[in-house]
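Asks: File final.cif follows (mmCIF, N, CA, C and O atoms and all ligand atoms):
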data_model
#
loop_
_atom_site.label_atom_id
_atom_site.label_comp_id
_atom_site.auth_asym_id
_atom_site.auth_seq_id
_atom_site.Cartn_x
_atom_site.Cartn_y
_atom_site.Cartn_z
N MET A 244 -4.50 8.15 -24.89
CA MET A 244 -5.94 8.39 -24.80
C MET A 244 -6.43 8.97 -26.13
O MET A 244 -5.87 9.96 -26.60
N ASN A 245 -7.42 8.33 -26.74
CA ASN A 245 -7.90 8.84 -28.02
C ASN A 245 -8.83 10.04 -27.81
O ASN A 245 -9.28 10.32 -26.70
N PRO A 246 -9.13 10.79 -28.88
CA PRO A 246 -9.93 12.02 -28.73
C PRO A 246 -11.30 11.76 -28.12
O PRO A 246 -11.80 12.58 -27.35
N ASN A 247 -11.94 10.64 -28.45
CA ASN A 247 -13.26 10.34 -27.87
C ASN A 247 -13.17 10.16 -26.36
O ASN A 247 -14.02 10.62 -25.62
N GLN A 248 -12.13 9.45 -25.91
CA GLN A 248 -11.97 9.26 -24.47
C GLN A 248 -11.72 10.59 -23.79
O GLN A 248 -12.24 10.88 -22.74
N SER A 249 -10.89 11.43 -24.41
CA SER A 249 -10.59 12.73 -23.84
C SER A 249 -11.87 13.53 -23.66
O SER A 249 -12.11 14.12 -22.61
N SER A 250 -12.73 13.53 -24.70
CA SER A 250 -13.99 14.25 -24.62
C SER A 250 -14.87 13.67 -23.52
O SER A 250 -15.48 14.41 -22.75
N PHE A 251 -14.93 12.34 -23.45
CA PHE A 251 -15.73 11.70 -22.40
C PHE A 251 -15.28 12.16 -21.03
O PHE A 251 -16.08 12.54 -20.19
N PHE A 252 -13.97 12.14 -20.80
CA PHE A 252 -13.50 12.52 -19.47
C PHE A 252 -13.74 13.99 -19.18
O PHE A 252 -14.11 14.35 -18.07
N GLU A 253 -13.58 14.85 -20.16
CA GLU A 253 -13.86 16.27 -19.92
C GLU A 253 -15.32 16.48 -19.52
O GLU A 253 -15.61 17.15 -18.54
N GLU A 254 -16.23 15.88 -20.29
CA GLU A 254 -17.65 16.04 -20.00
C GLU A 254 -18.04 15.29 -18.74
O GLU A 254 -18.79 15.78 -17.91
N GLY A 255 -17.53 14.05 -18.62
CA GLY A 255 -17.87 13.21 -17.47
C GLY A 255 -17.40 13.82 -16.17
O GLY A 255 -18.11 13.79 -15.17
N LEU A 256 -16.23 14.40 -16.18
CA LEU A 256 -15.70 14.97 -14.94
C LEU A 256 -16.46 16.21 -14.51
O LEU A 256 -16.51 16.54 -13.34
N LYS A 257 -17.12 16.89 -15.46
CA LYS A 257 -17.98 18.01 -15.06
C LYS A 257 -19.15 17.50 -14.24
O LYS A 257 -19.59 18.13 -13.29
N LEU A 258 -19.68 16.31 -14.65
CA LEU A 258 -20.81 15.75 -13.93
C LEU A 258 -20.44 15.35 -12.51
O LEU A 258 -21.26 15.38 -11.61
N ILE A 259 -19.20 14.96 -12.32
CA ILE A 259 -18.79 14.35 -11.06
C ILE A 259 -17.67 15.15 -10.40
O ILE A 259 -16.82 14.60 -9.75
N SER A 260 -17.69 16.45 -10.57
CA SER A 260 -16.56 17.24 -10.10
C SER A 260 -16.68 17.67 -8.65
O SER A 260 -15.78 18.30 -8.13
N PHE A 261 -17.81 17.37 -8.00
CA PHE A 261 -17.88 17.67 -6.57
C PHE A 261 -18.42 16.46 -5.83
O PHE A 261 -19.07 15.60 -6.41
N CYS A 262 -18.11 16.41 -4.53
CA CYS A 262 -18.55 15.28 -3.72
C CYS A 262 -19.97 15.53 -3.23
O CYS A 262 -20.23 16.54 -2.57
N PRO A 263 -20.93 14.64 -3.53
CA PRO A 263 -22.30 14.85 -3.07
C PRO A 263 -22.46 14.65 -1.57
O PRO A 263 -23.48 15.02 -1.00
N LEU A 264 -21.46 14.09 -0.92
CA LEU A 264 -21.58 13.80 0.51
C LEU A 264 -21.02 14.93 1.38
O LEU A 264 -21.63 15.31 2.37
N CYS A 265 -19.87 15.46 1.03
CA CYS A 265 -19.29 16.54 1.85
C CYS A 265 -19.22 17.85 1.09
O CYS A 265 -18.74 18.84 1.65
N GLN A 266 -19.69 17.85 -0.14
CA GLN A 266 -19.73 19.07 -0.98
C GLN A 266 -18.35 19.59 -1.33
O GLN A 266 -18.22 20.76 -1.72
N ALA A 267 -17.32 18.77 -1.18
CA ALA A 267 -15.97 19.21 -1.57
C ALA A 267 -15.99 19.58 -3.05
O ALA A 267 -16.64 18.93 -3.85
N LYS A 268 -15.28 20.61 -3.37
CA LYS A 268 -15.35 21.16 -4.73
C LYS A 268 -14.36 20.47 -5.67
O LYS A 268 -13.72 19.49 -5.33
N GLN A 269 -14.25 21.06 -6.82
CA GLN A 269 -13.46 20.53 -7.93
C GLN A 269 -12.08 20.07 -7.48
O GLN A 269 -11.42 20.73 -6.69
N GLY A 270 -11.69 18.93 -8.01
CA GLY A 270 -10.38 18.40 -7.67
C GLY A 270 -10.41 17.44 -6.50
O GLY A 270 -9.42 16.76 -6.24
N ALA A 271 -11.54 17.37 -5.80
CA ALA A 271 -11.62 16.49 -4.63
C ALA A 271 -11.82 15.04 -5.04
O ALA A 271 -11.45 14.14 -4.30
N MET A 272 -12.43 14.82 -6.20
CA MET A 272 -12.79 13.47 -6.58
C MET A 272 -11.68 12.82 -7.42
O MET A 272 -11.22 13.38 -8.40
N GLU A 273 -11.31 11.62 -6.98
CA GLU A 273 -10.30 10.83 -7.68
C GLU A 273 -11.05 9.77 -8.48
O GLU A 273 -11.76 8.96 -7.89
N ALA A 274 -10.96 9.79 -9.80
CA ALA A 274 -11.76 8.90 -10.65
C ALA A 274 -10.89 7.80 -11.26
O ALA A 274 -9.77 8.05 -11.71
N SER A 275 -11.43 6.57 -11.24
CA SER A 275 -10.76 5.43 -11.89
C SER A 275 -11.81 4.67 -12.68
O SER A 275 -12.90 4.40 -12.19
N THR A 276 -11.47 4.29 -13.89
CA THR A 276 -12.39 3.51 -14.71
C THR A 276 -12.37 2.06 -14.26
O THR A 276 -11.30 1.46 -14.12
N VAL A 277 -13.56 1.51 -13.99
CA VAL A 277 -13.68 0.10 -13.61
C VAL A 277 -13.89 -0.75 -14.86
O VAL A 277 -13.28 -1.79 -15.03
N GLU A 278 -14.78 -0.27 -15.72
CA GLU A 278 -15.07 -1.01 -16.96
C GLU A 278 -15.68 -0.02 -17.95
O GLU A 278 -16.40 0.90 -17.56
N GLU A 279 -15.39 -0.23 -19.22
CA GLU A 279 -16.03 0.64 -20.19
C GLU A 279 -16.31 -0.10 -21.49
O GLU A 279 -15.58 -1.00 -21.89
N THR A 280 -17.44 0.29 -22.09
CA THR A 280 -17.78 -0.15 -23.44
C THR A 280 -17.89 1.13 -24.26
O THR A 280 -17.59 2.21 -23.76
N ALA A 281 -18.37 1.01 -25.50
CA ALA A 281 -18.45 2.19 -26.36
C ALA A 281 -19.32 3.27 -25.73
O ALA A 281 -18.98 4.46 -25.78
N ASP A 282 -20.43 2.88 -25.11
CA ASP A 282 -21.38 3.87 -24.61
C ASP A 282 -21.51 3.94 -23.09
O ASP A 282 -22.17 4.83 -22.56
N ASN A 283 -20.96 2.98 -22.39
CA ASN A 283 -21.12 2.92 -20.94
C ASN A 283 -19.76 2.91 -20.25
O ASN A 283 -18.85 2.20 -20.67
N HIS A 284 -19.68 3.70 -19.20
CA HIS A 284 -18.43 3.79 -18.44
C HIS A 284 -18.77 3.62 -16.97
O HIS A 284 -19.53 4.43 -16.42
N LEU A 285 -18.23 2.58 -16.35
CA LEU A 285 -18.41 2.38 -14.92
C LEU A 285 -17.18 2.97 -14.23
O LEU A 285 -16.05 2.52 -14.48
N VAL A 286 -17.41 4.00 -13.42
CA VAL A 286 -16.31 4.77 -12.85
C VAL A 286 -16.39 4.72 -11.33
O VAL A 286 -17.47 4.85 -10.75
N HIS A 287 -15.25 4.50 -10.70
CA HIS A 287 -15.16 4.53 -9.23
C HIS A 287 -14.60 5.89 -8.84
O HIS A 287 -13.57 6.32 -9.37
N LEU A 288 -15.30 6.57 -7.94
CA LEU A 288 -14.88 7.90 -7.51
C LEU A 288 -14.62 7.88 -6.02
O LEU A 288 -15.42 7.34 -5.26
N ARG A 289 -13.51 8.45 -5.63
CA ARG A 289 -13.21 8.54 -4.20
C ARG A 289 -12.93 9.99 -3.86
O ARG A 289 -12.16 10.67 -4.55
N CYS A 290 -13.59 10.45 -2.79
CA CYS A 290 -13.39 11.83 -2.37
C CYS A 290 -12.14 11.91 -1.51
O CYS A 290 -12.01 11.18 -0.52
N ARG A 291 -11.22 12.79 -1.89
CA ARG A 291 -9.98 12.94 -1.12
C ARG A 291 -10.24 13.58 0.24
O ARG A 291 -9.46 13.41 1.16
N GLN A 292 -11.34 14.30 0.36
CA GLN A 292 -11.61 15.01 1.62
C GLN A 292 -12.29 14.11 2.66
O GLN A 292 -11.83 14.01 3.78
N CYS A 293 -13.39 13.43 2.27
CA CYS A 293 -14.14 12.63 3.26
C CYS A 293 -13.93 11.13 3.08
O CYS A 293 -14.47 10.34 3.84
N GLN A 294 -13.16 10.73 2.08
CA GLN A 294 -12.81 9.33 1.82
C GLN A 294 -14.01 8.48 1.40
O GLN A 294 -13.91 7.25 1.38
N SER A 295 -15.15 9.09 1.11
CA SER A 295 -16.30 8.32 0.62
C SER A 295 -16.06 7.89 -0.81
O SER A 295 -15.29 8.52 -1.54
N SER A 296 -16.72 6.79 -1.20
CA SER A 296 -16.58 6.30 -2.57
C SER A 296 -17.95 6.18 -3.22
O SER A 296 -18.94 5.88 -2.55
N ILE A 297 -17.96 6.38 -4.51
CA ILE A 297 -19.18 6.30 -5.31
C ILE A 297 -18.86 5.50 -6.55
O ILE A 297 -17.81 5.68 -7.16
N LEU A 298 -19.78 4.59 -6.91
CA LEU A 298 -19.69 3.93 -8.20
C LEU A 298 -20.69 4.61 -9.12
O LEU A 298 -21.87 4.69 -8.79
N ALA A 299 -20.22 5.09 -10.24
CA ALA A 299 -21.11 5.81 -11.16
C ALA A 299 -21.09 5.15 -12.53
O ALA A 299 -20.02 4.80 -13.05
N LEU A 300 -22.27 4.95 -13.06
CA LEU A 300 -22.39 4.46 -14.44
C LEU A 300 -22.71 5.67 -15.30
O LEU A 300 -23.75 6.30 -15.14
N VAL A 301 -21.79 6.01 -16.16
CA VAL A 301 -21.95 7.16 -17.05
C VAL A 301 -22.26 6.62 -18.44
O VAL A 301 -21.52 5.79 -18.97
N THR A 302 -23.39 7.05 -18.99
CA THR A 302 -23.85 6.54 -20.27
C THR A 302 -23.88 7.66 -21.30
O THR A 302 -24.34 8.76 -21.02
N VAL A 303 -23.37 7.34 -22.47
CA VAL A 303 -23.40 8.28 -23.58
C VAL A 303 -24.67 8.03 -24.37
O VAL A 303 -24.91 6.92 -24.83
N THR A 304 -25.52 9.05 -24.46
CA THR A 304 -26.76 8.93 -25.22
C THR A 304 -26.76 9.98 -26.32
O THR A 304 -25.94 10.91 -26.28
N PRO A 305 -27.66 9.87 -27.28
CA PRO A 305 -27.72 10.91 -28.32
C PRO A 305 -28.02 12.29 -27.74
O PRO A 305 -27.69 13.31 -28.34
N MET A 306 -28.62 12.33 -26.55
CA MET A 306 -28.95 13.61 -25.91
C MET A 306 -27.80 14.14 -25.05
O MET A 306 -27.91 15.23 -24.48
N GLY A 307 -26.74 13.35 -24.92
CA GLY A 307 -25.63 13.78 -24.07
C GLY A 307 -25.28 12.71 -23.06
O GLY A 307 -25.66 11.55 -23.21
N LEU A 308 -24.58 13.09 -22.00
CA LEU A 308 -24.17 12.13 -20.98
C LEU A 308 -25.18 12.10 -19.85
O LEU A 308 -25.73 13.13 -19.47
N SER A 309 -25.42 10.89 -19.34
CA SER A 309 -26.21 10.79 -18.12
C SER A 309 -25.44 9.91 -17.15
O SER A 309 -24.61 9.10 -17.56
N SER A 310 -25.70 10.09 -15.86
CA SER A 310 -24.98 9.27 -14.89
C SER A 310 -25.90 8.87 -13.75
O SER A 310 -26.82 9.60 -13.40
N VAL A 311 -25.65 7.67 -13.25
CA VAL A 311 -26.34 7.16 -12.07
C VAL A 311 -25.25 6.71 -11.11
O VAL A 311 -24.34 5.99 -11.51
N GLY A 312 -25.33 7.16 -9.87
CA GLY A 312 -24.28 6.81 -8.92
C GLY A 312 -24.85 6.20 -7.66
O GLY A 312 -26.02 6.41 -7.33
N MET A 313 -24.03 5.43 -6.97
CA MET A 313 -24.43 4.91 -5.67
C MET A 313 -23.21 4.92 -4.75
O MET A 313 -22.08 4.70 -5.19
N ILE A 314 -23.49 5.21 -3.49
CA ILE A 314 -22.42 5.22 -2.49
C ILE A 314 -22.00 3.79 -2.24
O ILE A 314 -22.83 2.88 -2.20
N THR A 315 -20.71 3.56 -2.09
CA THR A 315 -20.22 2.20 -1.89
C THR A 315 -19.06 2.21 -0.89
O THR A 315 -18.42 3.25 -0.68
N ASP A 316 -18.83 1.06 -0.27
CA ASP A 316 -17.63 0.92 0.54
C ASP A 316 -16.57 0.11 -0.20
O ASP A 316 -15.54 -0.25 0.35
N LEU A 317 -16.82 -0.17 -1.48
CA LEU A 317 -15.84 -0.90 -2.28
C LEU A 317 -14.70 0.02 -2.69
O LEU A 317 -14.91 1.17 -3.05
N SER A 318 -13.49 -0.52 -2.64
CA SER A 318 -12.35 0.18 -3.24
C SER A 318 -12.43 -0.05 -4.75
O SER A 318 -13.22 -0.88 -5.22
N VAL A 319 -11.60 0.63 -5.50
CA VAL A 319 -11.62 0.40 -6.95
C VAL A 319 -11.18 -1.03 -7.27
O VAL A 319 -11.72 -1.66 -8.19
N ALA A 320 -10.25 -1.58 -6.49
CA ALA A 320 -9.81 -2.96 -6.71
C ALA A 320 -10.95 -3.93 -6.42
O ALA A 320 -11.17 -4.90 -7.16
N ASP A 321 -11.72 -3.68 -5.34
CA ASP A 321 -12.88 -4.52 -5.02
C ASP A 321 -13.90 -4.45 -6.15
O ASP A 321 -14.46 -5.46 -6.56
N ALA A 322 -14.16 -3.23 -6.64
CA ALA A 322 -15.17 -3.06 -7.70
C ALA A 322 -14.78 -3.85 -8.94
O ALA A 322 -15.62 -4.50 -9.57
N ARG A 323 -13.49 -3.83 -9.28
CA ARG A 323 -13.03 -4.58 -10.46
C ARG A 323 -13.16 -6.09 -10.21
O ARG A 323 -13.50 -6.84 -11.11
N ARG A 324 -12.89 -6.51 -8.97
CA ARG A 324 -12.95 -7.95 -8.65
C ARG A 324 -14.41 -8.43 -8.62
O ARG A 324 -14.74 -9.47 -9.17
N PHE A 325 -15.30 -7.67 -7.97
CA PHE A 325 -16.68 -8.14 -7.77
C PHE A 325 -17.58 -7.97 -8.98
O PHE A 325 -18.65 -8.55 -9.03
N LYS A 326 -17.17 -7.16 -9.97
CA LYS A 326 -18.06 -6.97 -11.12
C LYS A 326 -18.25 -8.26 -11.91
O LYS A 326 -19.23 -8.41 -12.61
N GLU A 327 -17.31 -9.19 -11.76
CA GLU A 327 -17.42 -10.48 -12.45
C GLU A 327 -18.12 -11.54 -11.59
O GLU A 327 -18.38 -12.63 -12.06
N SER A 328 -18.40 -11.22 -10.33
CA SER A 328 -18.96 -12.22 -9.42
C SER A 328 -20.44 -12.45 -9.70
O SER A 328 -21.15 -11.56 -10.15
N GLU A 329 -20.89 -13.66 -9.35
CA GLU A 329 -22.31 -13.97 -9.42
C GLU A 329 -23.02 -13.28 -8.26
O GLU A 329 -22.44 -13.12 -7.17
N PRO A 330 -24.28 -12.86 -8.47
CA PRO A 330 -25.02 -12.30 -7.33
C PRO A 330 -25.26 -13.36 -6.26
O PRO A 330 -25.34 -14.55 -6.58
N ILE A 331 -25.36 -12.93 -4.99
CA ILE A 331 -25.69 -13.88 -3.94
C ILE A 331 -27.20 -14.12 -3.96
O ILE A 331 -27.96 -13.28 -4.42
N ASP A 332 -27.62 -15.29 -3.44
CA ASP A 332 -29.06 -15.57 -3.41
C ASP A 332 -29.53 -15.69 -1.95
O ASP A 332 -28.73 -15.60 -1.02
N PHE A 333 -30.83 -15.90 -1.76
CA PHE A 333 -31.41 -15.94 -0.41
C PHE A 333 -30.80 -17.06 0.42
O PHE A 333 -30.55 -16.89 1.62
N ASP A 334 -30.56 -18.23 -0.18
CA ASP A 334 -30.01 -19.36 0.56
C ASP A 334 -28.64 -19.02 1.14
O ASP A 334 -28.31 -19.40 2.27
N GLU A 335 -27.85 -18.29 0.38
CA GLU A 335 -26.52 -17.91 0.86
C GLU A 335 -26.61 -16.92 2.02
O GLU A 335 -25.83 -16.98 2.97
N VAL A 336 -27.57 -16.03 1.97
CA VAL A 336 -27.76 -15.07 3.07
C VAL A 336 -28.18 -15.82 4.33
O VAL A 336 -27.66 -15.56 5.43
N ILE A 337 -29.11 -16.77 4.19
CA ILE A 337 -29.57 -17.54 5.35
C ILE A 337 -28.43 -18.39 5.91
O ILE A 337 -28.22 -18.46 7.12
N ALA A 338 -27.64 -19.01 5.03
CA ALA A 338 -26.51 -19.83 5.48
C ALA A 338 -25.50 -18.97 6.24
O ALA A 338 -24.98 -19.39 7.28
N LEU A 339 -25.24 -17.77 5.76
CA LEU A 339 -24.31 -16.88 6.46
C LEU A 339 -24.86 -16.52 7.83
O LEU A 339 -24.14 -16.53 8.83
N ASN A 340 -26.17 -16.23 7.89
CA ASN A 340 -26.80 -15.88 9.16
C ASN A 340 -26.66 -17.02 10.16
O ASN A 340 -26.33 -16.81 11.33
N LEU A 341 -26.89 -18.26 9.70
CA LEU A 341 -26.77 -19.43 10.60
C LEU A 341 -25.32 -19.60 11.04
O LEU A 341 -25.05 -19.91 12.21
N ASP A 342 -24.38 -19.42 10.14
CA ASP A 342 -22.96 -19.53 10.51
C ASP A 342 -22.60 -18.50 11.56
O ASP A 342 -21.89 -18.79 12.53
N LEU A 343 -23.09 -17.29 11.39
CA LEU A 343 -22.78 -16.23 12.35
C LEU A 343 -23.38 -16.54 13.72
O LEU A 343 -22.77 -16.26 14.75
N LYS A 344 -24.59 -17.12 13.72
CA LYS A 344 -25.23 -17.48 15.00
C LYS A 344 -24.40 -18.51 15.76
O LYS A 344 -24.41 -18.55 16.99
N ASN A 345 -23.70 -19.37 15.01
CA ASN A 345 -22.84 -20.37 15.64
C ASN A 345 -21.60 -19.75 16.28
O ASN A 345 -20.91 -20.38 17.06
N HIS A 346 -21.32 -18.52 15.90
CA HIS A 346 -20.22 -17.78 16.51
C HIS A 346 -20.85 -16.60 17.26
O HIS A 346 -20.83 -15.48 16.81
N SER A 347 -21.43 -16.92 18.42
CA SER A 347 -22.35 -16.00 19.08
C SER A 347 -21.75 -14.64 19.39
O SER A 347 -22.42 -13.62 19.26
N LEU A 348 -20.50 -14.59 19.81
CA LEU A 348 -19.92 -13.29 20.17
C LEU A 348 -19.88 -12.39 18.94
O LEU A 348 -20.25 -11.22 19.00
N PHE A 349 -19.46 -12.95 17.82
CA PHE A 349 -19.39 -12.18 16.59
C PHE A 349 -20.79 -11.76 16.16
O PHE A 349 -21.00 -10.62 15.76
N TYR A 350 -21.74 -12.67 16.27
CA TYR A 350 -23.12 -12.37 15.86
C TYR A 350 -23.71 -11.25 16.71
O TYR A 350 -24.32 -10.33 16.20
N GLN A 351 -23.48 -11.31 18.02
CA GLN A 351 -23.99 -10.27 18.91
C GLN A 351 -23.40 -8.91 18.57
O GLN A 351 -24.08 -7.89 18.58
N THR A 352 -22.12 -8.92 18.24
CA THR A 352 -21.46 -7.67 17.88
C THR A 352 -22.04 -7.11 16.59
O THR A 352 -22.31 -5.92 16.47
N LEU A 353 -22.28 -8.02 15.63
CA LEU A 353 -22.72 -7.58 14.31
C LEU A 353 -24.19 -7.14 14.31
O LEU A 353 -24.53 -6.10 13.77
N VAL A 354 -25.05 -7.95 14.96
CA VAL A 354 -26.48 -7.70 14.89
C VAL A 354 -26.98 -6.90 16.09
O VAL A 354 -28.01 -6.24 16.03
N GLY A 355 -26.23 -6.94 17.18
CA GLY A 355 -26.61 -6.18 18.36
C GLY A 355 -27.68 -6.84 19.19
O GLY A 355 -28.47 -6.17 19.84
N VAL A 356 -27.74 -8.20 19.18
CA VAL A 356 -28.71 -8.92 20.01
C VAL A 356 -27.98 -9.79 21.03
O VAL A 356 -26.82 -10.07 20.87
ZN ZN A 401 -16.45 14.06 0.18
#
Here is the file; what I need is its structure written in the form of structure tokens.
Replies:
Amino acid sequence: MNPNQSSFFEEGLKLISFCPLCQAKQGAMEASTVEETADNHLVHLRCRQCQSSILALVTVTPMGLSSVGMITDLSVADARRFKESEPIDFDEVIALNLDLKNHSLFYQTLVGV
């Protein structure tokens, strides 16, 4: 790990050192890098206490580090796999809905109708 990465992780881990969902304190979050460029780091965080996961984009700016996070059900392996995927479009959502309707038991379970 080069000195810049070390600094990034020290500062970055301060930003993400507690779980926003269960408030577990330092050491609860397990961090894995999904992708990184010179200024942007996409990090997958999993809370050891409540098992929730967060995807956080940590950006290095001249003013310091900033981060934006979202709760996810993706594992770190899923996040690495899906980051290269094309976004789904409306037609694909409708096609999936029609397919599910053809499997009525599954559809009723999923949608609750
Ligand atoms: Zn938690």
Asks: Using backbone DSSP assignments, extract all alpha helix (DSSP H) residues from stretch 254-297 of chain A; output them as a list in words.
Replies: Glu254, Gly255, Leu256, Lys257 and Leu258 of chain A
Asks: Which value, in Å to one decimal, gives the distance between atom CA of A:Thr315 and atom N of A:Ile297?
Replies: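 Pair atom CA of A:Thr315 / atom N of A:Ile297 returns 5.4 Å.
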Asks: Can you tell me which residues sit at most 6 Å away from ligand ZN 401 (chain A), counting only C-alpha atoms and all ligand atoms, written as a PyMOL selection string?
Replies: chain A and resi 262+264-265+267+290+292-293+295
Asks: Between A:Asn340, A:Ser310, A:Thr304, A:Gln294, which residue has the minimum interatomic distance to A:Ala271, considering all atoms listed in the file?
Replies: A:Gln294
Asks: Between atom O of A:Ala322 and atom CA of A:Glu273, measure the distance and give it in Å to one decimal.
Replies: 16.3 Å
Asks: As an exercise, work out the distance from atom O of A:Val303 to atom N of A:Asp282 in Å and give it to one decimal place.
Replies: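 Calculated distance between atom O of A:Val303 and atom N of A:Asp282 is 6.0 Å.
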Asks: Quick one: pick out all strand (DSSP E) residues within stretch 248-354 of chain A from a backbone DSSP run and write them as a ChimeraX atom specification.
Replies: /A:272-279,283-290,296-304,307-315
Asks: Excluding A:Gly312 and residues on its chain fewer than 2 positions from it, collect all residues at most 5 Å away from it, counting all atoms listed in the file, and give them as JSON, numbers by chain.
Replies: {"A": [298, 299, 300, 310, 314]}
Asks: Nearest to A:Ala320 among A:Val277, A:Ala338, A:Met306, A:Met272, with distances taken over only C-alpha atoms: which residue is it?
Replies: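 Among the listed residues, the smallest separation from A:Ala320 belongs to A:Val277.
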Asks: Can you tell me, as lines of an AutoDock Vina configuration file, the centre and edge lengths (Å, one decimal) of the axis-aligned box enclosing all of stretch 319-333 of chain A's listed atoms after padding each side by 8 Å?
Replies:
center_x = -20.6
center_y = -8.2
center_z = -5.5
size_x = 37.6
size_y = 33.7
size_z = 30.2
